[in-house]
file structure.tsv (TSV, C-alpha atoms)
chain	number	residue	atom	x	y	z
A	1	MET	CA	0.00	0.00	0.00
A	2	SER	CA	1.43	3.41	-0.92
A	3	ASP	CA	2.05	6.15	1.60
A	4	SER	CA	-0.62	8.42	0.02
A	5	THR	CA	-3.21	5.60	0.13
A	6	GLU	CA	-2.48	5.03	3.82
A	7	ARG	CA	-2.86	8.75	4.51
A	8	ARG	CA	-6.21	8.88	2.66
A	9	GLN	CA	-7.52	5.88	4.60
A	10	PHE	CA	-6.37	7.38	7.91
A	11	PHE	CA	-7.89	10.73	7.00
A	12	GLN	CA	-11.22	9.10	6.24
A	13	ALA	CA	-11.16	6.88	9.33
A	14	ALA	CA	-10.28	9.87	11.50
A	15	HIS	CA	-13.67	11.40	10.65
A	16	ILE	CA	-15.64	8.45	12.05
A	17	PRO	CA	-16.14	10.06	15.51
A	18	ASN	CA	-17.42	13.24	13.84
A	19	LEU	CA	-19.84	11.24	11.69
A	20	ILE	CA	-21.11	9.45	14.79
A	21	CYS	CA	-21.73	12.88	16.38
A	22	VAL	CA	-23.72	13.91	13.31
A	23	VAL	CA	-25.81	10.74	13.60
A	24	ARG	CA	-26.51	11.65	17.24
A	25	ILE	CA	-27.64	15.11	16.13
A	26	VAL	CA	-29.90	13.56	13.46
A	27	LEU	CA	-31.49	11.31	16.13
A	28	VAL	CA	-32.71	14.35	18.08
A	29	TRP	CA	-35.72	14.98	15.81
A	30	PRO	CA	-37.18	11.43	15.92
A	31	ILE	CA	-36.63	11.34	19.69
A	32	VAL	CA	-38.54	14.59	20.18
A	33	VAL	CA	-41.34	13.46	17.86
A	34	ALA	CA	-41.62	10.14	19.70
A	35	LEU	CA	-41.81	11.89	23.08
A	36	VAL	CA	-44.43	14.39	21.94
A	37	ASP	CA	-46.45	11.54	20.38
A	38	GLY	CA	-46.29	9.57	23.63
A	39	ARG	CA	-44.15	6.74	22.21
A	40	TYR	CA	-41.94	6.72	25.27
A	41	ALA	CA	-40.45	3.24	24.91
A	42	PHE	CA	-39.36	4.03	21.34
A	43	ALA	CA	-37.90	7.38	22.45
A	44	LEU	CA	-36.08	5.64	25.29
A	45	GLY	CA	-34.55	3.17	22.83
A	46	LEU	CA	-33.37	5.99	20.58
A	47	ILE	CA	-31.90	7.87	23.55
A	48	LEU	CA	-30.00	4.75	24.56
A	49	VAL	CA	-28.66	4.44	20.99
A	50	ALA	CA	-27.61	8.11	21.12
A	51	GLY	CA	-25.91	7.52	24.48
A	52	ALA	CA	-24.06	4.49	23.15
A	53	SER	CA	-22.94	6.51	20.13
A	54	ASP	CA	-21.57	9.17	22.47
A	55	GLY	CA	-19.47	6.58	24.25
A	56	LEU	CA	-18.35	5.05	20.96
A	57	ASP	CA	-17.22	8.30	19.35
A	58	GLY	CA	-15.32	9.28	22.50
A	59	PHE	CA	-13.63	5.89	22.67
A	60	LEU	CA	-12.62	5.98	18.99
A	61	ALA	CA	-11.34	9.54	19.21
A	62	LYS	CA	-9.15	8.76	22.21
A	63	ARG	CA	-8.10	5.23	21.28
A	64	PHE	CA	-6.96	6.05	17.74
A	65	ASN	CA	-6.11	9.70	18.34
A	66	TRP	CA	-8.88	10.78	15.97
A	67	GLN	CA	-9.47	13.98	17.89
A	68	SER	CA	-10.08	17.23	16.07
A	69	ARG	CA	-11.24	20.75	16.79
A	70	LEU	CA	-14.43	19.98	14.87
A	71	GLY	CA	-15.02	16.91	17.03
A	72	GLY	CA	-14.30	18.96	20.15
A	73	LEU	CA	-17.12	21.29	19.13
A	74	LEU	CA	-19.52	18.70	17.65
A	75	ASP	CA	-19.53	16.35	20.64
A	76	PRO	CA	-20.74	18.81	23.29
A	77	LEU	CA	-23.11	20.36	20.73
A	78	ALA	CA	-24.68	16.96	20.07
A	79	ASP	CA	-24.98	16.26	23.80
A	80	LYS	CA	-26.54	19.63	24.59
A	81	LEU	CA	-28.87	19.57	21.59
A	82	LEU	CA	-30.11	16.13	22.61
A	83	LEU	CA	-30.58	16.92	26.28
A	84	VAL	CA	-32.17	20.35	25.81
A	85	SER	CA	-34.53	18.99	23.15
A	86	VAL	CA	-35.55	16.08	25.40
A	87	PHE	CA	-36.13	18.45	28.33
A	88	VAL	CA	-38.30	20.71	26.14
A	89	ALA	CA	-40.29	17.77	24.78
A	90	LEU	CA	-40.81	16.34	28.27
A	91	SER	CA	-41.95	19.76	29.50
A	92	MET	CA	-44.39	19.99	26.58
A	93	THR	CA	-45.92	16.68	27.66
A	94	GLY	CA	-46.06	17.78	31.31
A	95	LEU	CA	-43.55	15.20	32.56
A	96	VAL	CA	-40.81	17.69	33.52
A	97	PRO	CA	-41.49	21.00	35.27
A	98	LEU	CA	-41.09	23.99	32.98
A	99	TRP	CA	-38.92	25.81	35.55
A	100	LEU	CA	-36.39	22.94	35.51
A	101	THR	CA	-36.22	22.98	31.73
A	102	ALA	CA	-35.69	26.76	31.93
A	103	VAL	CA	-32.73	26.24	34.30
A	104	VAL	CA	-31.16	23.72	31.88
A	105	ILE	CA	-31.64	26.05	28.91
A	106	ILE	CA	-30.43	29.18	30.72
A	107	ARG	CA	-27.26	27.38	31.85
A	108	ASP	CA	-26.47	26.36	28.29
A	109	LEU	CA	-27.26	29.84	26.93
A	110	VAL	CA	-24.92	31.42	29.49
A	111	ILE	CA	-22.12	29.00	28.55
A	112	VAL	CA	-22.58	29.44	24.79
A	113	SER	CA	-22.89	33.24	25.08
A	114	GLY	CA	-19.79	33.35	27.26
A	115	GLY	CA	-17.93	31.21	24.74
A	116	VAL	CA	-18.88	33.54	21.89
A	117	VAL	CA	-17.79	36.62	23.84
A	118	TYR	CA	-14.55	34.91	24.88
A	119	GLN	CA	-13.85	33.91	21.27
A	120	TRP	CA	-14.59	37.43	20.07
A	121	LEU	CA	-12.68	39.39	22.73
A	122	VAL	CA	-9.91	37.10	23.99
A	123	GLU	CA	-8.85	34.09	21.89
A	124	PRO	CA	-10.23	31.01	20.14
A	125	VAL	CA	-12.14	28.80	22.55
A	126	GLN	CA	-10.71	25.34	23.13
A	127	PRO	CA	-13.54	23.16	24.44
A	128	GLU	CA	-12.62	21.97	27.93
A	129	PRO	CA	-15.54	20.33	29.73
A	130	SER	CA	-15.10	20.65	33.48
A	131	VAL	CA	-15.71	17.88	35.99
A	132	ALA	CA	-18.81	19.79	37.17
A	133	SER	CA	-20.10	19.90	33.59
A	134	LYS	CA	-19.55	16.18	33.05
A	135	ILE	CA	-21.38	15.42	36.31
A	136	ASN	CA	-24.19	17.74	35.25
A	137	THR	CA	-24.56	16.03	31.87
A	138	GLY	CA	-24.65	12.63	33.57
A	139	ILE	CA	-27.28	13.77	36.10
A	140	GLN	CA	-29.41	15.34	33.36
A	141	LEU	CA	-29.26	12.13	31.33
A	142	LEU	CA	-30.09	10.02	34.38
A	143	TYR	CA	-33.05	12.27	35.15
A	144	VAL	CA	-34.59	12.18	31.67
A	145	LEU	CA	-34.09	8.41	31.48
A	146	ALA	CA	-35.76	8.08	34.89
A	147	VAL	CA	-38.70	10.28	33.82
A	148	ILE	CA	-39.24	8.29	30.63
A	149	GLY	CA	-38.72	4.98	32.46
A	150	HIS	CA	-41.26	5.99	35.10
A	151	ARG	CA	-43.74	6.90	32.39
A	152	THR	CA	-43.31	3.57	30.58
A	153	SER	CA	-42.99	1.16	33.51
A	154	GLY	CA	-43.68	3.00	36.75
A	155	MET	CA	-40.02	2.66	37.74
A	156	PRO	CA	-38.07	4.28	39.27
A	157	PRO	CA	-40.40	5.52	42.05
A	158	PRO	CA	-41.56	9.17	42.14
A	159	GLU	CA	-39.18	9.93	45.03
A	160	PHE	CA	-36.24	9.16	42.75
A	161	LEU	CA	-37.59	11.62	40.18
A	162	THR	CA	-37.82	14.33	42.85
A	163	ILE	CA	-34.29	13.71	44.09
A	164	SER	CA	-32.76	13.47	40.61
A	165	GLY	CA	-34.69	16.58	39.49
A	166	ALA	CA	-33.25	18.48	42.47
A	167	ALA	CA	-29.79	17.16	41.50
A	168	VAL	CA	-30.30	18.54	37.95
A	169	PHE	CA	-31.10	21.95	39.43
A	170	VAL	CA	-28.04	21.93	41.72
A	171	THR	CA	-25.55	20.57	39.16
A	172	SER	CA	-26.83	22.88	36.41
A	173	THR	CA	-26.41	25.90	38.69
A	174	VAL	CA	-22.99	24.84	40.01
A	175	SER	CA	-21.57	23.89	36.61
A	176	GLY	CA	-22.91	27.07	35.00
A	177	LEU	CA	-21.28	29.20	37.71
A	178	ASP	CA	-18.09	27.14	37.42
A	179	TYR	CA	-17.83	27.98	33.71
A	180	VAL	CA	-18.46	31.68	34.32
A	181	VAL	CA	-15.82	31.89	37.07
A	182	ARG	CA	-13.17	29.81	35.25
A	183	TRP	CA	-13.48	31.48	31.86
A	184	SER	CA	-13.88	35.01	33.28
A	185	GLY	CA	-10.73	34.48	35.35
A	186	ARG	CA	-8.86	33.20	32.32
A	187	ALA	CA	-10.01	36.18	30.23
A	188	ILE	CA	-8.93	38.63	32.93
A	189	ARG	CA	-5.48	37.00	33.18
A	190	LEU	CA	-4.96	37.02	29.41
A	191	ARG	CA	-6.32	40.51	28.80
A	192	GLY	CA	-5.07	42.01	32.07

call {"tool": "encode", "arguments": {"input": "structure.tsv", "output": "structure tokens"}}
result
Amino acid sequence: MSDSTERRQFFQAAHIPNLICVVRIVLVWPIVVALVDGRYAFALGLILVAGASDGLDGFLAKRFNWQSRLGGLLDPLADKLLLVSVFVALSMTGLVPLWLTAVVIIRDLVIVSGGVVYQWLVEPVQPEPSVASKINTGIQLLYVLAVIGHRTSGMPPPEFLTISGAAVFVTSTVSGLDYVVRWSGRAIRLRG
């Protein structure tokens, strides 16, 4: 095999994690439609497929060093688009309180707005999810899976939904503030 052929194959293979992210983004619409239509078991299955794809693209990117700036932007975008859309759909059906969905959306808007301002005034943003953000994403996912699971099978019990909903509120607030403090401090140091 020639050197140029090997480079072409590597280049194409290196895009696999990005393509998986795009598939996850494409899954958002059928998930939302299924939730709004009350096909909760189907929506749950699609969410699990999306979650598995998230793990797969992360594994491939790290294992084979197929990481890219595009992937660094696509992956959190796919995660946030999925979670925010599911929260909105579940609020539309009355399964998630509107105020909790508002907290999730406001957190993401603050982070994205801050990223745009940072990019514009300071330097290009390099996506760096914090530990608080990763915990928040996990808690949000756990909560929506619990809400849908409760709707389809009665499990987990309502007390779990209350506790995990409170955890979404706390982790969304803490991780949002964490981003504001970290990136503001970084901007002040670089511009100061």

call {"tool": "closest_residue", "arguments": {"input": "structure.tsv", "among": "A:Val116, A:Leu177, A:Leu56, A:Ala166", "to": "Trp99 of chain A", "atoms": "only C-alpha atoms"}}
result
A:Ala166

call {"tool": "residues_around", "arguments": {"input": "structure.tsv", "residues": "segment 63-75 of chain A", "least_positions_apart": "2", "cutoff": "10 Å", "atoms": "all atoms listed in the file", "output": "PyMOL selection string"}}
result
chain A and resi 10-11+13-22+24-25+54+57-61+77-81+125-129

call {"tool": "atom_distance", "arguments": {"input": "structure.tsv", "atom1": "atom CA of Val170 of chain A", "atom2": "atom CA of Met155 of chain A"}}
result
23.0 Å

call {"tool": "closest_residue", "arguments": {"input": "structure.tsv", "among": "A:Met92, A:Val168, A:Leu98, A:Leu46", "to": "Ala132 of chain A", "atoms": "all atoms listed in the file"}}
result
A:Val168

call {"tool": "atom_distance", "arguments": {"input": "structure.tsv", "atom1": "atom CA of Thr173 of chain A", "atom2": "atom CA of Thr137 of chain A"}}
result
12.1 Å

call {"tool": "residues_around", "arguments": {"input": "structure.tsv", "residues": "Val103 of chain A", "least_positions_apart": "5", "cutoff": "12 Å", "atoms": "only C-alpha atoms", "output": "PyMOL selection string"}}
result
chain A and resi 84+87-88+96-98+108-110+140+165-176

call {"tool": "atom_distance", "arguments": {"input": "structure.tsv", "atom1": "atom CA of Ile188 of chain A", "atom2": "atom CA of Val104 of chain A"}}
result
26.8 Å

call {"tool": "residues_near_point", "arguments": {"input": "structure.tsv", "point": "(-34.3, 6.4, 20.3)", "cutoff": "8 Å", "atoms": "only C-alpha atoms", "output": "list in words"}}
result
Leu27, Pro30, Ile31, Phe42, Ala43, Leu44, Gly45, Leu46, Ile47, Leu48, Val49 and Ala50 of chain A

call {"tool": "residues_around", "arguments": {"input": "structure.tsv", "residues": "Leu145 of chain A", "least_positions_apart": "2", "cutoff": "10 Å", "atoms": "all atoms listed in the file", "output": "list in words"}}
result
Ala43, Leu44, Ile47, Leu48, Val86, Ile139, Gln140, Leu141, Leu142, Tyr143, Val147, Ile148, Gly149, His150, Arg151, Pro156 and Leu161 of chain A
